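Have a look at the structure below before the remarks.
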Amino acid sequence: MRALHRLNPTRIAFVRDRLAARAGRDPLKPQPLRGVRILDMGCGAGLLAEPLARLGASVVGADAAAESIAVAKAHAEAGGLAIDYRATTAEDLAGDGETFDAVLAMEIIEHVRDPQAFVGTLAALTKPRGLLLMATLNRTPKSFALAIVGAEYVLGWVPRGTHDWQKFVRPSELARALRAAGFALTEVIGVGYDLVTDSWRLTNDPSVNYMAMAERA
Amino acid sequence: MAKATHDLLVVGGGMVGATFAVAAAHAGLAVALIDREAPAALEAAPFDGRASAIAYSSYRLLATIGVWPHLAGHAQAITDIRVSDGESRLFLHFDHRDLGDQPMGFMVENRFIRRALFAAAATLPTLDLRAPATLAALDRGAVLVEATLAGGERIAAPLAIDASGRNSALRRQAKIDVVEWTYPQTAIVCTVAHERPHRGVAHERFLPAGPFAILPLPGDRSSLVWTERQELAPAMLALDERAFAHEMSRRFGDFLGAVRVEGPRWSYPLAVHHANRYIADRLALIGDAAHGIHPIAGQGVNLGFRDAAALAEVLVDAMRLGLDLGATPALETYERWRRFDNTVLIAVTDSLNRLFANDIAPIRLARDLGLAAVNEIPPLKRFFMAHARGTVGKLPRLLEGVAL
């Protein structure tokens, strides 16, 4: 899990830089995301929600797993962070009419049953001209070798059976689903692990892990 | 649960602690700096004869965080370094022009460095200086460190930085062990005035008792670091002024004309100490709290400056990612980075001392030929010079002169 924890700074920087740019702010100045309302869909225990709250964002963290939400709530409270955690689904949030400046769906679309319907729900949660930021895994021979054989079986970074390679999403498929839901895909960028420096970085190669940004019409 | 009052709590406002606090606050972190001494006492500190060699990379750090302008006029550039072995006529001469226009480093009296640091601190809105103040208690909890000052006031932050020096109580409290050993040597430190100008040349002469360094200060003055055998040092220190000056000039030579001691003489038993860990839960050690080395290469305070720059960089990067400043990953990055560097330097200075602090003929011959050889091999010479200037290895951005 250690190597995957090291992925977090790369994801945070991606989200911070894109959202600060949208707000016309310097991402390296204090509180670059102040006032930005973010939904972290599939927030887990708050690995991403807490840093974004410290950067000034007003964060709603949603996860269908009630036990994750309980852990996240306790952790944020101990650290004095105000994060609105909810044990709920994207569909229920959309049903309540909630909307956000930015919606994050990090490492989640490869787990949902109907990606097209899921992206449609995310569109309902995103304000017009709002941003959707995603991280997922590409469906390529290389991703099978690295993400399934490597990460699950050889290195044991994640439990076996975490991922189903068949459900991995190619950028072209994502672009099509997003377009149908009223999003325009504006960026696809690879995320690569560097064994030498034991860190992740943005790359031009989206063949395994990649992140994407889309803007709602 | 108490809320954090600051981003960082720095205990100890000596040269390294204050430099760290200024570097972190300069980049926008909210820093509480606790020091025992009143800034006014520092302002009035008289000449006391103690000075430091600021390596060129440390100068870049102080310039980048806005401290150097407050030192104007008090710094003497070290343009050349001349290394020689006792009476031998073979020597090694480092000329700064071999590496470009910049000096090897600067000599500055410690009181001016501290004064400049506090002057810079006063200009930073996010630096909260509590001095004079005494730490009554420090409680490192799961998410916050809570400090209680002697007056009852409380400060809470996600991370405490221990810059409280060699005998750190915080380090003991954190149960961090220290490896230490002593040398049968004492360093006698004083300032001398001399007849002829030093022209910015630093001299390091290896005598059988240990290195004898003459380091240029502003004006026709130099700082002496005179390593003496431990058993002889008390006698030397007890000599009256004339006899002391005589002993000194026997070692110093007459190339700067007549020489006179100014101000008090200081003595330091030479020892090495190195903490086994630089970090514990919500605690990071910097400077002498983490390490102390043999002064043979004049690098002590510069290692502390490197700690300060590296830790500030790691923490500012963490702040910009919204990460918990006291969480382990950031601290581990700092520890890996600095502890390795410092281990290497401790080993190198220890070997240098063993190599030079003796009068055994074959070793003397070999090292003299070695010095002369280094002098004739430009790439090797540039390698040593780069080390003296502190411009090798993976440098913290501040030591490259780049703001955080």
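Residues are referred to by chain and number: the chain letter is A, B, ... according to the order shown in the structure tokens, the number counts from 1 in that chain, and ligands are numbered separately from 1 in the order shown.
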Problem - All residues 12 Å or closer to Ala117 in chain A, only C-alpha atoms, same chain fewer than 5 positions away omitted, as a ChimeraX atom specification - result: /A:90-91,109,112,122-124,177-178,180-181
Handout entry: Residues of chain A within 7 Å of chain B, counting only C-alpha atoms, as number ranges by chain
Key = A: 9, 12-13, 28, 51-52, 54-55, 78-80
Exercise for the section: Any chance you could list, as an MDAnalysis selection string, the residues in range 34-188 of chain A that come up strand (DSSP E or B) when DSSP is run on the backbone? Expected result: chainID A and resid 37:41 58:63 84:87 100:106 126:137 183:188
Exercise for the section: Report the distance between CA of Ala72 in chain A and CA of Pro32 in chain A in Å, rounded to one decimal place. Expected result: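 About the pair CA of Ala72 in chain A and CA of Pro32 in chain A: they are 23.1 Å apart.
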Problem - d(CA of Glu173 in chain A, CA of Val149 in chain A) in Å - result: 23.4 Å
Practice task
Based on DSSP run over this structure's backbone, return all residues of range 11-184 of chain A in helix (DSSP H, G or I), as a PyMOL selection string.
Solution key: chain A and resi 11-22+49-54+66-78+90-95+109-111+115-125+141-154+165-167+171-180
Problem - Polymer residues at most 8 Å from Ala102 in chain A, only C-alpha atoms, same-chain spacing of 2 or more positions, as a list in words - result: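 Skipping anything fewer than 2 positions along the chain leaves Leu19, Val36, Arg37, Ile38, Leu39, Phe100, Leu104, Thr126, Lys127, Gly130, Leu131, Leu132 and Leu133 of chain A.
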Those same residues, written as a PDB file, in the first residue's frame with C-alpha atoms?
```
ATOM      1  CA  LEU A  19      -8.916  24.016  -9.861  1.00  0.00           C
ATOM      2  CA  VAL A  36     -14.424  26.170  -4.183  1.00  0.00           C
ATOM      3  CA  ARG A  37     -17.204  23.624  -3.509  1.00  0.00           C
ATOM      4  CA  ILE A  38     -15.960  20.100  -4.229  1.00  0.00           C
ATOM      5  CA  LEU A  39     -17.634  16.697  -4.163  1.00  0.00           C
ATOM      6  CA  PHE A 100     -20.679  21.451  -7.133  1.00  0.00           C
ATOM      7  CA  LEU A 104     -13.867  14.228  -8.228  1.00  0.00           C
ATOM      8  CA  THR A 126     -21.651  19.329 -11.676  1.00  0.00           C
ATOM      9  CA  LYS A 127     -22.613  22.969 -12.099  1.00  0.00           C
ATOM     10  CA  GLY A 130     -18.008  23.075 -13.638  1.00  0.00           C
ATOM     11  CA  LEU A 131     -15.151  20.548 -13.784  1.00  0.00           C
ATOM     12  CA  LEU A 132     -15.059  16.774 -13.472  1.00  0.00           C
ATOM     13  CA  LEU A 133     -11.701  15.273 -12.492  1.00  0.00           C
TER      14      LEU A 133
END
```
Exercise for the section: Would you mind telling me which residue in B:Gly73, B:Gly292, B:Gly100, B:Gly287 lies nearest to His274 in chain B when using only C-alpha atoms? Expected result: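 Of all the options, B:Gly292 lies closest to His274 in chain B.
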Exercise for the section: Extract, using only C-alpha atoms, all DNA, RNA and protein residues at most 12 Å from Ala275 in chain B, discarding same-chain residues fewer than 5 positions from it, and format them as a PyMOL selection string. Expected result: chain B and resi 165-168+171-172+174-180+280+284-293+335+338-340+342-343+346
